[in-house]
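**Q** My structure file work33.csv, CSV, C-alpha atoms and all ligand atoms, is below:
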```
chain,number,residue,atom,x,y,z
A,170,MET,CA,0.0,0.0,0.0
A,171,ALA,CA,1.5,3.4,-1.0
A,172,GLN,CA,2.1,5.6,2.0
A,173,VAL,CA,0.4,9.0,1.7
A,174,PRO,CA,2.4,11.6,3.8
A,175,LEU,CA,0.5,12.6,6.9
A,176,HIS,CA,-1.3,16.0,6.7
A,177,PRO,CA,0.9,18.7,8.4
A,178,MET,CA,-1.8,19.6,10.9
A,179,LEU,CA,-2.1,16.0,11.9
A,180,GLN,CA,1.7,15.8,12.3
A,181,GLN,CA,1.3,18.7,14.7
A,182,ALA,CA,-1.5,16.9,16.5
A,183,VAL,CA,0.7,13.9,17.0
A,184,GLN,CA,3.5,16.0,18.4
A,185,LEU,CA,1.1,17.8,20.8
A,186,SER,CA,-0.2,14.4,22.0
A,187,VAL,CA,3.4,13.1,22.5
A,188,ALA,CA,4.0,16.3,24.6
A,189,GLY,CA,1.0,15.4,26.7
A,190,ARG,CA,-1.2,18.2,25.2
A,191,ASN,CA,-4.0,15.8,24.3
A,192,ALA,CA,-6.9,18.3,24.4
A,193,GLU,CA,-5.3,20.5,21.7
A,194,ALA,CA,-4.4,17.4,19.7
A,195,VAL,CA,-8.0,16.2,19.8
A,196,LEU,CA,-9.3,19.6,18.8
A,197,ILE,CA,-7.1,19.7,15.7
A,198,VAL,CA,-8.1,16.2,14.6
A,199,THR,CA,-11.8,16.8,15.3
A,200,ARG,CA,-11.8,20.0,13.3
A,201,LEU,CA,-10.1,18.5,10.3
A,202,ALA,CA,-12.4,15.4,10.4
A,203,ALA,CA,-15.4,17.8,10.4
A,204,GLN,CA,-14.0,19.0,7.0
A,205,ASN,CA,-13.9,15.4,5.8
A,206,GLN,CA,-10.1,15.1,5.6
A,207,PRO,CA,-9.7,11.3,5.2
A,208,GLN,CA,-6.6,11.0,7.4
A,209,ALA,CA,-8.3,13.0,10.2
A,210,LEU,CA,-11.4,10.8,10.0
A,211,ALA,CA,-9.2,7.7,10.3
A,212,MET,CA,-7.2,9.2,13.2
A,213,LEU,CA,-10.4,10.2,15.0
A,214,ALA,CA,-11.7,6.7,14.3
A,215,GLU,CA,-8.7,5.1,15.9
A,216,MET,CA,-8.9,7.4,18.9
A,217,LYS,CA,-12.6,6.5,19.4
A,218,TRP,CA,-11.9,2.8,18.9
A,219,ARG,CA,-9.2,2.7,21.6
A,220,GLY,CA,-10.6,5.3,24.0
A,221,GLY,CA,-8.3,7.2,26.3
A,222,MET,CA,-7.8,10.5,24.5
A,223,VAL,CA,-11.6,10.6,23.8
A,224,PRO,CA,-14.4,8.4,25.2
A,225,GLN,CA,-14.3,5.0,23.7
A,226,ASP,CA,-17.1,4.6,21.1
A,227,PRO,CA,-16.6,1.6,18.7
A,228,PRO,CA,-19.8,2.1,16.7
A,229,ALA,CA,-18.8,5.8,16.1
A,230,ALA,CA,-15.3,4.7,15.2
A,231,ARG,CA,-16.6,2.2,12.7
A,232,GLU,CA,-18.7,4.9,11.1
A,233,LEU,CA,-15.7,7.2,10.8
A,234,TYR,CA,-13.7,4.4,9.2
A,235,ARG,CA,-16.5,3.9,6.7
A,236,ARG,CA,-16.5,7.6,5.8
A,237,ALA,CA,-12.7,7.7,5.5
A,238,SER,CA,-12.9,4.6,3.3
A,239,ALA,CA,-15.5,6.2,1.1
A,240,LEU,CA,-13.1,9.1,0.6
A,241,GLY,CA,-10.4,6.7,-0.5
A,242,HIS,CA,-8.4,6.1,2.7
A,243,ALA,CA,-6.9,2.7,1.9
A,244,GLN,CA,-6.3,1.4,5.4
A,245,SER,CA,-9.8,2.5,6.5
A,246,ALA,CA,-11.2,0.7,3.5
A,247,GLU,CA,-9.6,-2.6,4.7
A,248,ILE,CA,-10.8,-2.0,8.3
A,249,THR,CA,-14.3,-1.3,7.1
A,250,THR,CA,-14.3,-4.5,5.1
A,251,ASN,CA,-13.0,-6.4,8.2
A,252,LEU,CA,-15.7,-5.0,10.4
A,253,MET,CA,-18.4,-5.8,7.9
A,254,ALA,CA,-17.1,-9.4,7.8
A,255,ASN,CA,-17.0,-9.9,11.6
A,256,GLY,CA,-20.0,-7.7,12.5
A,257,VAL,CA,-18.1,-6.1,15.4
A,258,ALA,CA,-19.4,-2.6,16.5
A,259,GLY,CA,-22.1,-2.7,13.8
A,260,PRO,CA,-24.1,-4.9,11.5
A,261,ARG,CA,-22.6,-8.0,9.9
A,262,ASP,CA,-22.6,-8.2,6.1
A,263,TRP,CA,-20.5,-11.1,5.0
A,264,GLN,CA,-21.4,-11.0,1.3
A,265,GLY,CA,-20.9,-7.2,1.2
A,266,ALA,CA,-17.4,-7.7,2.9
A,267,LEU,CA,-16.5,-10.4,0.3
A,268,ALA,CA,-17.5,-8.0,-2.6
A,269,ARG,CA,-15.3,-5.3,-1.1
A,270,LEU,CA,-12.4,-7.9,-0.6
A,271,ARG,CA,-12.7,-8.7,-4.4
A,272,THR,CA,-12.2,-5.1,-5.2
A,273,GLU,CA,-9.3,-4.7,-2.8
A,274,ALA,CA,-7.7,-7.8,-4.1
A,275,ARG,CA,-7.3,-6.2,-7.6
A,276,LYS,CA,-4.5,-4.1,-6.1
A,277,GLY,CA,-2.6,-7.3,-5.2
A,278,GLY,CA,-0.7,-7.8,-2.0
A,279,GLY,CA,-2.2,-9.3,1.2
A,280,ARG,CA,-5.8,-8.9,0.1
A,281,LYS,CA,-5.1,-10.9,-3.1
A,282,LEU,CA,-3.7,-13.7,-0.9
A,283,ALA,CA,-6.7,-13.4,1.5
A,284,LEU,CA,-9.2,-13.7,-1.4
A,285,SER,CA,-7.4,-16.8,-2.8
A,286,LEU,CA,-7.6,-18.5,0.6
A,287,ILE,CA,-11.3,-17.6,1.0
A,288,ASP,CA,-12.0,-19.0,-2.5
A,289,LYS,CA,-10.6,-22.3,-1.4
A,290,MET,CA,-12.8,-22.6,1.7
A,291,ALA,CA,-16.1,-24.5,1.6
A,292,LEU,CA,-18.4,-21.8,3.2
A,293,THR,CA,-22.1,-21.2,3.7
A,294,ASP,CA,-23.5,-17.9,2.5
A,295,ASP,CA,-22.9,-16.6,6.0
A,296,GLY,CA,-19.2,-17.6,6.1
A,297,ASP,CA,-19.7,-20.6,8.3
A,298,PRO,CA,-17.9,-23.8,7.4
A,299,ALA,CA,-20.0,-26.0,5.1
A,300,ARG,CA,-18.7,-29.1,6.8
A,301,MET,CA,-16.4,-30.1,9.6
A,302,PRO,CA,-13.8,-32.8,9.9
A,303,GLU,CA,-14.5,-35.4,12.6
A,304,ALA,CA,-13.1,-35.0,16.1
A,305,GLN,CA,-11.3,-37.7,18.1
A,306,THR,CA,-11.9,-37.8,21.9
A,307,LEU,CA,-8.5,-37.9,23.7
A,308,SER,CA,-10.1,-37.6,27.2
A,309,GLU,CA,-13.6,-37.7,28.6
A,310,ARG,CA,-12.8,-35.7,31.7
A,311,PRO,CA,-11.8,-33.1,31.1
A,312,ASP,CA,-13.3,-33.2,27.7
A,313,VAL,CA,-10.2,-33.0,25.3
A,314,ARG,CA,-10.7,-33.6,21.6
A,315,ARG,CA,-8.5,-33.4,18.6
A,316,ILE,CA,-9.4,-32.5,15.0
A,317,GLU,CA,-6.7,-33.2,12.5
A,318,ARG,CA,-6.0,-30.7,9.8
A,319,LEU,CA,-8.7,-28.2,10.9
A,320,PHE,CA,-6.6,-25.5,9.2
A,321,THR,CA,-4.8,-26.1,5.9
A,322,ALA,CA,-1.0,-25.5,5.7
A,323,ALA,CA,-1.6,-22.3,3.7
A,324,GLU,CA,-4.1,-21.0,6.3
A,325,CYS,CA,-1.5,-21.7,9.1
A,326,ASP,CA,1.1,-19.8,7.1
A,327,TYR,CA,-1.3,-16.9,6.6
A,328,LEU,CA,-2.0,-16.5,10.3
A,329,ARG,CA,1.7,-16.5,11.0
A,330,GLN,CA,2.2,-13.8,8.4
A,331,ILE,CA,-0.6,-11.6,9.7
A,332,ALA,CA,0.7,-12.0,13.3
A,333,GLU,CA,4.3,-11.1,12.4
A,334,PRO,CA,4.1,-7.3,12.9
A,335,GLN,CA,2.0,-7.6,16.1
A,336,TYR,CA,4.1,-9.6,18.5
A,337,MET,CA,4.6,-8.4,22.0
A,338,PRO,CA,5.9,-10.1,25.2
A,339,SER,CA,3.0,-12.2,26.5
A,340,VAL,CA,1.0,-11.1,29.5
A,341,VAL,CA,-1.4,-13.0,31.8
A,342,ASN,CA,-4.6,-11.9,33.5
A,343,ASP,CA,-3.8,-11.4,37.2
A,344,GLY,CA,-7.4,-12.2,38.3
A,345,MET,CA,-8.0,-8.5,39.1
A,346,GLY,CA,-8.6,-7.4,35.6
A,347,ARG,CA,-5.0,-6.4,35.0
A,348,GLN,CA,-2.7,-7.7,32.3
A,349,VAL,CA,0.8,-8.4,33.7
A,350,ARG,CA,4.1,-10.0,32.7
A,351,ASP,CA,4.6,-13.3,34.4
A,352,PRO,CA,7.3,-16.0,34.2
A,353,ILE,CA,4.5,-18.5,33.8
A,354,ARG,CA,4.3,-17.6,30.1
A,355,THR,CA,7.5,-16.5,28.4
A,356,SER,CA,6.3,-16.6,24.8
A,357,ASP,CA,5.5,-13.6,22.6
A,358,GLY,CA,1.9,-13.1,21.6
A,359,ALA,CA,0.1,-11.3,18.7
A,360,THR,CA,-3.5,-10.4,19.2
A,361,LEU,CA,-5.5,-10.5,16.0
A,362,HIS,CA,-7.9,-7.8,17.3
A,363,TRP,CA,-11.2,-7.0,15.6
A,364,LEU,CA,-9.8,-4.3,13.3
A,365,ILE,CA,-7.2,-6.6,11.7
A,366,GLU,CA,-9.5,-9.7,11.8
A,367,ASP,CA,-9.8,-9.8,8.0
A,368,PRO,CA,-12.3,-12.1,6.2
A,369,VAL,CA,-9.8,-15.0,6.3
A,370,VAL,CA,-9.2,-14.7,10.0
A,371,HIS,CA,-12.9,-14.3,10.5
A,372,ALA,CA,-13.8,-17.4,8.5
A,373,LEU,CA,-11.2,-19.3,10.5
A,374,ASN,CA,-12.6,-18.0,13.8
A,375,ARG,CA,-16.1,-19.2,12.7
A,376,ARG,CA,-14.5,-22.6,12.1
A,377,LEU,CA,-13.0,-22.6,15.6
A,378,ALA,CA,-16.5,-21.7,16.9
A,379,ALA,CA,-18.0,-24.6,15.0
A,380,ALA,CA,-15.2,-27.0,16.2
A,381,SER,CA,-16.0,-26.1,19.8
A,382,GLY,CA,-19.8,-26.0,19.5
A,383,THR,CA,-19.9,-22.3,20.4
A,384,SER,CA,-20.7,-19.1,18.5
A,385,PHE,CA,-18.1,-16.7,17.1
A,386,GLU,CA,-19.4,-14.0,19.4
A,387,GLN,CA,-18.3,-16.0,22.5
A,388,GLY,CA,-14.7,-16.0,21.4
A,389,GLU,CA,-12.0,-13.6,22.6
A,390,ALA,CA,-9.8,-12.2,19.8
A,391,THR,CA,-7.5,-14.8,18.4
A,392,LEU,CA,-4.0,-14.9,19.9
A,393,ILE,CA,-1.0,-16.2,18.0
A,394,LEU,CA,1.8,-17.4,20.3
A,395,ARG,CA,5.4,-17.7,19.3
A,396,TYR,CA,7.7,-19.8,21.5
A,397,LYS,CA,11.5,-19.6,20.9
A,398,GLY,CA,14.2,-21.9,22.5
A,399,GLY,CA,13.5,-22.4,26.2
A,400,GLN,CA,10.2,-20.5,26.2
A,401,GLU,CA,7.2,-22.3,27.7
A,402,TYR,CA,3.7,-21.8,29.2
A,403,LYS,CA,4.0,-23.4,32.7
A,404,PRO,CA,1.1,-25.4,34.1
A,405,HIS,CA,-2.0,-23.2,34.4
A,406,PHE,CA,-5.8,-23.0,34.0
A,407,ASP,CA,-7.4,-21.0,31.2
A,408,PHE,CA,-10.3,-20.5,33.6
A,409,VAL,CA,-10.2,-16.9,35.1
A,410,ARG,CA,-10.8,-16.4,38.8
A,411,SER,CA,-13.8,-14.3,39.8
A,412,GLU,CA,-15.2,-13.8,36.3
A,413,GLN,CA,-18.9,-13.4,35.5
A,414,ASN,CA,-18.6,-14.4,31.9
A,415,GLN,CA,-16.3,-17.4,32.3
A,416,ARG,CA,-13.6,-18.7,29.9
A,417,PHE,CA,-14.9,-22.2,29.7
A,418,LYS,CA,-13.4,-23.6,26.5
A,419,THR,CA,-10.1,-23.3,24.6
A,420,VAL,CA,-9.2,-24.3,21.1
A,421,LEU,CA,-5.5,-24.5,20.2
A,422,VAL,CA,-4.4,-24.8,16.5
A,423,TYR,CA,-0.8,-25.7,15.9
A,424,LEU,CA,0.6,-23.6,13.1
A,425,ASN,CA,3.7,-25.7,12.5
A,426,HIS,CA,5.4,-28.8,13.8
A,427,ASP,CA,9.1,-28.3,12.8
A,428,TYR,CA,10.3,-27.7,16.4
A,429,GLN,CA,11.5,-29.9,19.3
A,430,GLY,CA,9.8,-30.0,22.7
A,431,GLY,CA,6.7,-27.8,23.1
A,432,GLU,CA,4.2,-30.6,23.7
A,433,THR,CA,0.9,-29.6,25.2
A,434,VAL,CA,0.5,-31.6,28.4
A,435,PHE,CA,-2.3,-32.2,30.9
A,436,PRO,CA,-0.3,-33.5,33.9
A,437,GLU,CA,-3.4,-34.5,36.0
A,438,ILE,CA,-4.5,-37.0,33.4
A,439,GLY,CA,-1.1,-37.9,31.9
A,440,LEU,CA,-1.9,-36.6,28.5
A,441,SER,CA,0.8,-35.2,26.2
A,442,VAL,CA,0.0,-34.0,22.7
A,443,LYS,CA,2.5,-33.4,20.0
A,444,ALA,CA,0.3,-32.2,17.2
A,445,ARG,CA,1.0,-31.6,13.5
A,446,LYS,CA,0.6,-28.4,11.6
A,447,GLY,CA,-3.1,-27.5,11.3
A,448,ASP,CA,-4.3,-29.9,14.0
A,449,ALA,CA,-6.7,-28.5,16.6
A,450,LEU,CA,-7.0,-29.4,20.3
A,451,ILE,CA,-10.3,-28.5,22.0
A,452,PHE,CA,-10.8,-28.7,25.7
A,453,THR,CA,-13.2,-27.6,28.5
A,454,SER,CA,-11.9,-25.9,31.7
A,455,ALA,CA,-15.2,-25.6,33.7
A,456,LEU,CA,-17.4,-28.2,35.4
A,457,PRO,CA,-21.1,-28.1,34.8
A,458,ASP,CA,-21.5,-26.0,38.1
A,459,ARG,CA,-19.2,-23.4,36.5
A,460,SER,CA,-16.3,-24.1,38.9
A,461,VAL,CA,-12.8,-24.8,37.5
A,462,ASP,CA,-12.2,-28.4,36.5
A,463,PRO,CA,-8.9,-29.2,38.4
A,464,LEU,CA,-8.1,-31.8,35.7
A,465,SER,CA,-8.0,-29.1,33.0
A,466,LYS,CA,-4.6,-27.9,34.2
A,467,HIS,CA,-2.2,-27.9,31.2
A,468,ALA,CA,1.1,-26.5,30.0
A,469,GLY,CA,3.1,-25.8,26.8
A,470,MET,CA,6.4,-27.6,27.5
A,471,PRO,CA,9.7,-25.7,26.9
A,472,ILE,CA,11.0,-25.5,23.3
A,473,THR,CA,14.3,-27.3,22.9
A,474,GLY,CA,14.8,-26.6,19.2
A,475,GLY,CA,13.2,-24.4,16.5
A,476,VAL,CA,10.2,-22.1,17.0
A,477,LYS,CA,6.6,-23.1,17.9
A,478,TYR,CA,3.7,-21.1,16.5
A,479,LEU,CA,0.3,-21.6,18.1
A,480,CYS,CA,-3.2,-20.1,17.5
A,481,THR,CA,-5.1,-19.8,20.8
A,482,LYS,CA,-8.8,-19.1,21.0
A,483,TRP,CA,-10.2,-18.7,24.5
A,484,ILE,CA,-14.0,-18.9,24.6
A,485,ARG,CA,-16.5,-17.4,27.0
A,486,GLU,CA,-19.8,-18.8,28.3
A,487,LYS,CA,-21.7,-15.8,26.8
A,488,ARG,CA,-21.2,-13.2,24.1
A,489,TRP,CA,-17.8,-11.5,24.5
A,490,VAL,CA,-17.5,-9.5,21.2
A,491,ALA,CA,-18.5,-5.8,21.5
B,1,LIG,O1,1.5,-23.9,24.2
B,1,LIG,C1,0.7,-24.7,24.5
B,1,LIG,O2,0.8,-25.9,24.0
B,1,LIG,C2,-0.4,-24.4,25.5
B,1,LIG,C3,-1.0,-23.0,25.2
B,1,LIG,C4,-2.0,-22.7,26.2
B,1,LIG,O3,-2.2,-23.3,27.2
B,1,LIG,C5,-2.9,-21.5,26.0
B,1,LIG,O4,-2.6,-20.7,25.1
B,1,LIG,O5,-3.8,-21.2,26.9
B,2,FE,FE,-3.8,-22.5,28.4
```
Rewrite the structure from the file as structure tokens, please.

**A**
Amino acid sequence: MAQVPLHPMLQQAVQLSVAGRNAEAVLIVTRLAAQNQPQALAMLAEMKWRGGMVPQDPPAARELYRRASALGHAQSAEITTNLMANGVAGPRDWQGALARLRTEARKGGGRKLALSLIDKMALTDDGDPARMPEAQTLSERPDVRRIERLFTAAECDYLRQIAEPQYMPSVVNDGMGRQVRDPIRTSDGATLHWLIEDPVVHALNRRLAAASGTSFEQGEATLILRYKGGQEYKPHFDFVRSEQNQRFKTVLVYLNHDYQGGETVFPEIGLSVKARKGDALIFTSALPDRSVDPLSKHAGMPITGGVKYLCTKWIREKRWVA
């Protein structure tokens, strides 16, 4: 995508914001957006999406992205397509999103690859998988299943490519609503948040929902984990303490297998899984009374060679998506 230089007034707004003068920065961006300057619309959209500098308002952000898109702002066009595909912060229009993706794909690049992957998927008109491969039960309690080749090799590679610019050191939930660094999990993680959840990622997320018998809306944003030599995820529960809308299921999809170590183990039931690229592991962390299943404790063993890439989907009991 060709980079259009940032409007000088928006450069000034960025400098003001860096200097802590947020109110002045917001004023400049808001004024320029009111004049339909596409970059200002996109910047205001981002501010409203994130919140902080202005009150968080995802539906308003989505509308601003749509306006910036209509005025030719390329990044906003892709975001608008992505939000139409996933239905976050506004109505879902899968077919409309695909029509837009076809237009965007004419320029080549990532969207062309995305379209070619979508075209190879067997999907319903709503973007759900038309059929699902059979699951094998690995354990009755806790419920642990495996579906071989849930993702194709090309889909695994695509997720790794999308994740590459997004990696950050992994954090864990401290049970008080804070995200903190913790030696329990030494990998790097890339969150495929709703703005960058393109139609391919979305269709894969719907496949993960179907594989786990849940709806897309119950899933947290997909996380791609990258474990290098010595990195691991020590024994833990995906279950979150004192949470109303509990994390009760997890789907892991292994995005490669050319590494050593890194098995997923359930020490309480003596289960160790070394999966192959594209395989999914699906398990339940809560008992019927909504308490944590102590047998669902699991770990990602340390990597002794190569790099492990994993796609993690944590799933809630009820709707999670905004
Ligand atoms: O790396 C693994 O195999 C386990 C990952 C995991 O437990 C998680 O992402 O919640
Ligand atoms: Fe886990």

**Q** Counting all atoms listed in the file, what is within 9 Å of Leu240 of chain A, bar same-chain residues fewer than 6 positions away, as a list in words?

**A**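 So the residues in contact are Asn205, Gln206 and Pro207 of chain A.
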
**Q** Choose the residue, out of A:Ser339, A:Met470, A:Lys446, A:Glu437, that has the smallest atom-to-atom separation from Gly399 of chain A; count all atoms listed in the file.

**A**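 Counting all atoms listed in the file, the residue closest to Gly399 of chain A is A:Met470.
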
**Q** Hey, which of A:Ile197, A:Ala243, A:Ala449, A:Met290 ends up closest to ligand LIG 1 (chain B)? Count only C-alpha atoms and all ligand atoms.

**A** A:Ala449

**Q** With all atoms listed in the file counted, collect every polymer residue having an atom within 7 Å of ligand LIG 1 (chain B); state the result as a PyMOL selection string.

**A** chain A and resi 401-402+407+421+431-433+467-470+479+481

**Q** Once you count all atoms listed in the file, which residues end up within 12 Å of ligand FE 2 (chain B), and could you hand them over as a PyMOL selection string?

**A** chain A and resi 341-342+353-354+392+394+401-409+416-421+433-435+450-454+465-470+479-484

**Q** How far is it from atom CA of Ser245 of chain A to atom CA of Phe320 of chain A, in Å with one decimal?

**A**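 Interatomic distance, atom CA of Ser245 of chain A to atom CA of Phe320 of chain A: 28.3 Å.
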
**Q** Show me, as a PyMOL selection string, the residues that have an atom within 12 Å of Ala322 of chain A when counting only C-alpha atoms, minus same-chain residues fewer than 2 positions from it.

**A** chain A and resi 286+317-320+324-329+422-426+445-448

**Q** Hey, can you check how far atom CA of Leu282 of chain A sits from atom CA of Pro298 of chain A?

**A**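 Taking atom CA of Leu282 of chain A as the start and atom CA of Pro298 of chain A as the end point, the length is 19.3 Å.
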
**Q** For a quick check of understanding, using only C-alpha atoms, which of A:Gln264, A:Arg395, A:Glu303, A:Arg314 has the smallest distance to Val442 of chain A?

**A**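 Using only C-alpha atoms, the shortest distance to Val442 of chain A belongs to A:Arg314.
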
**Q** Between A:Asp312, A:Ala299, A:Asp343, A:Gly398, which is the closest to Ala379 of chain A once you count all atoms listed in the file?

**A**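 With all atoms listed in the file as the atom set, the closest residue is A:Ala299.
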
**Q** Using only C-alpha atoms, which of the listed residues (A:Val490, A:Ser285, A:Ala332, A:Trp363) sits closest to Ser384 of chain A?

**A**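 The closest residue to Ser384 of chain A is A:Val490.
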
**Q** Of the candidates A:Ile331, A:Val183, A:Met222, A:Val476, which one gets nearest to His362 of chain A if we count only C-alpha atoms?

**A**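 Looking at the shortest contact to His362 of chain A, the residue is A:Ile331.
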
**Q** Write out as a list in words the residues lying within 12 Å of Ala194 of chain A, counting only C-alpha atoms and excluding same-chain residues fewer than 3 positions away.

**A**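 In the requested form, the answer reads Met178, Leu179, Gln180, Gln181, Ala182, Val183, Gln184, Leu185, Ser186, Val187, Ala188, Gly189, Arg190, Asn191, Ile197, Val198, Thr199, Arg200, Leu201, Ala209, Met212, Leu213, Met216, Met222 and Val223 of chain A.
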
**Q** Near Val340 of chain A, counting only C-alpha atoms, which residues have an atom at most 12 Å away, once you skip same-chain residues fewer than 5 positions from it, shown as a PyMOL selection string?

**A** chain A and resi 346-360+392+394+402

**Q** In Å to one decimal, how far is atom CA of Arg488 of chain A from atom CA of Glu389 of chain A?

**A**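 Taking atom CA of Glu389 of chain A and atom CA of Arg488 of chain A, their separation equals 9.3 Å.
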
**Q** Pro228 of chain A: which residues within 10 Å, counting all atoms listed in the file, same-chain residues fewer than 4 positions away excluded, as a list of chain:residue names?

**A** A:Ala214, A:Lys217, A:Trp218, A:Glu232, A:Leu233, A:Tyr234, A:Val257, A:Ala258, A:Gly259, A:Pro260, A:Ala491

**Q** How about completing segment 441-465 of chain A with N, CA and C atoms and giving it to me as a PDB file, keeping the file's coordinate frame?

**A**
```pdb
ATOM      1  N   SER A 441      -0.179 -36.099  26.879  1.00  0.00           N
ATOM      2  CA  SER A 441       0.800 -35.200  26.200  1.00  0.00           C
ATOM      3  C   SER A 441       0.524 -35.270  24.726  1.00  0.00           C
ATOM      4  N   VAL A 442       0.394 -34.100  24.127  1.00  0.00           N
ATOM      5  CA  VAL A 442       0.000 -34.000  22.700  1.00  0.00           C
ATOM      6  C   VAL A 442       1.109 -33.329  21.923  1.00  0.00           C
ATOM      7  N   LYS A 443       1.634 -34.019  20.924  1.00  0.00           N
ATOM      8  CA  LYS A 443       2.500 -33.400  20.000  1.00  0.00           C
ATOM      9  C   LYS A 443       1.772 -33.403  18.639  1.00  0.00           C
ATOM     10  N   ALA A 444       1.144 -32.284  18.339  1.00  0.00           N
ATOM     11  CA  ALA A 444       0.300 -32.200  17.200  1.00  0.00           C
ATOM     12  C   ALA A 444       1.043 -31.878  15.920  1.00  0.00           C
ATOM     13  N   ARG A 445       0.367 -32.017  14.792  1.00  0.00           N
ATOM     14  CA  ARG A 445       1.000 -31.600  13.500  1.00  0.00           C
ATOM     15  C   ARG A 445       0.336 -30.335  13.030  1.00  0.00           C
ATOM     16  N   LYS A 446       1.024 -29.695  12.111  1.00  0.00           N
ATOM     17  CA  LYS A 446       0.600 -28.400  11.600  1.00  0.00           C
ATOM     18  C   LYS A 446      -0.884 -28.483  11.139  1.00  0.00           C
ATOM     19  N   GLY A 447      -1.695 -27.561  11.647  1.00  0.00           N
ATOM     20  CA  GLY A 447      -3.100 -27.500  11.300  1.00  0.00           C
ATOM     21  C   GLY A 447      -4.035 -28.253  12.190  1.00  0.00           C
ATOM     22  N   ASP A 448      -3.469 -29.093  13.085  1.00  0.00           N
ATOM     23  CA  ASP A 448      -4.300 -29.900  14.000  1.00  0.00           C
ATOM     24  C   ASP A 448      -4.869 -28.946  15.111  1.00  0.00           C
ATOM     25  N   ALA A 449      -6.078 -29.241  15.567  1.00  0.00           N
ATOM     26  CA  ALA A 449      -6.700 -28.500  16.600  1.00  0.00           C
ATOM     27  C   ALA A 449      -6.889 -29.351  17.869  1.00  0.00           C
ATOM     28  N   LEU A 450      -6.682 -28.748  19.047  1.00  0.00           N
ATOM     29  CA  LEU A 450      -7.000 -29.400  20.300  1.00  0.00           C
ATOM     30  C   LEU A 450      -8.059 -28.555  20.982  1.00  0.00           C
ATOM     31  N   ILE A 451      -9.137 -29.215  21.400  1.00  0.00           N
ATOM     32  CA  ILE A 451     -10.300 -28.500  22.000  1.00  0.00           C
ATOM     33  C   ILE A 451     -10.523 -29.050  23.362  1.00  0.00           C
ATOM     34  N   PHE A 452     -10.565 -28.183  24.370  1.00  0.00           N
ATOM     35  CA  PHE A 452     -10.800 -28.700  25.700  1.00  0.00           C
ATOM     36  C   PHE A 452     -11.667 -27.767  26.543  1.00  0.00           C
ATOM     37  N   THR A 453     -12.267 -28.336  27.598  1.00  0.00           N
ATOM     38  CA  THR A 453     -13.200 -27.600  28.500  1.00  0.00           C
ATOM     39  C   THR A 453     -12.514 -27.416  29.821  1.00  0.00           C
ATOM     40  N   SER A 454     -12.621 -26.206  30.394  1.00  0.00           N
ATOM     41  CA  SER A 454     -11.900 -25.900  31.700  1.00  0.00           C
ATOM     42  C   SER A 454     -12.889 -25.773  32.837  1.00  0.00           C
ATOM     43  N   ALA A 455     -14.211 -25.752  32.573  1.00  0.00           N
ATOM     44  CA  ALA A 455     -15.200 -25.600  33.700  1.00  0.00           C
ATOM     45  C   ALA A 455     -16.017 -26.810  33.825  1.00  0.00           C
ATOM     46  N   LEU A 456     -16.435 -27.062  35.067  1.00  0.00           N
ATOM     47  CA  LEU A 456     -17.400 -28.200  35.400  1.00  0.00           C
ATOM     48  C   LEU A 456     -18.780 -27.651  35.131  1.00  0.00           C
ATOM     49  N   PRO A 457     -19.766 -28.560  35.092  1.00  0.00           N
ATOM     50  CA  PRO A 457     -21.100 -28.100  34.800  1.00  0.00           C
ATOM     51  C   PRO A 457     -21.620 -27.043  35.841  1.00  0.00           C
ATOM     52  N   ASP A 458     -21.082 -27.062  37.087  1.00  0.00           N
ATOM     53  CA  ASP A 458     -21.500 -26.000  38.100  1.00  0.00           C
ATOM     54  C   ASP A 458     -20.712 -24.729  37.903  1.00  0.00           C
ATOM     55  N   ARG A 459     -19.955 -24.590  36.829  1.00  0.00           N
ATOM     56  CA  ARG A 459     -19.200 -23.400  36.500  1.00  0.00           C
ATOM     57  C   ARG A 459     -17.923 -23.198  37.289  1.00  0.00           C
ATOM     58  N   SER A 460     -17.588 -24.173  38.127  1.00  0.00           N
ATOM     59  CA  SER A 460     -16.300 -24.100  38.900  1.00  0.00           C
ATOM     60  C   SER A 460     -15.206 -24.622  37.961  1.00  0.00           C
ATOM     61  N   VAL A 461     -13.972 -24.317  38.365  1.00  0.00           N
ATOM     62  CA  VAL A 461     -12.800 -24.800  37.500  1.00  0.00           C
ATOM     63  C   VAL A 461     -12.683 -26.280  37.639  1.00  0.00           C
ATOM     64  N   ASP A 462     -12.432 -26.931  36.518  1.00  0.00           N
ATOM     65  CA  ASP A 462     -12.200 -28.400  36.500  1.00  0.00           C
ATOM     66  C   ASP A 462     -10.674 -28.536  36.807  1.00  0.00           C
ATOM     67  N   PRO A 463     -10.333 -29.088  38.005  1.00  0.00           N
ATOM     68  CA  PRO A 463      -8.900 -29.200  38.400  1.00  0.00           C
ATOM     69  C   PRO A 463      -8.110 -30.054  37.383  1.00  0.00           C
ATOM     70  N   LEU A 464      -8.816 -30.940  36.652  1.00  0.00           N
ATOM     71  CA  LEU A 464      -8.100 -31.800  35.700  1.00  0.00           C
ATOM     72  C   LEU A 464      -7.747 -31.081  34.404  1.00  0.00           C
ATOM     73  N   SER A 465      -8.247 -29.849  34.254  1.00  0.00           N
ATOM     74  CA  SER A 465      -8.000 -29.100  33.000  1.00  0.00           C
ATOM     75  C   SER A 465      -6.651 -28.375  33.024  1.00  0.00           C
TER      76      SER A 465
END
```
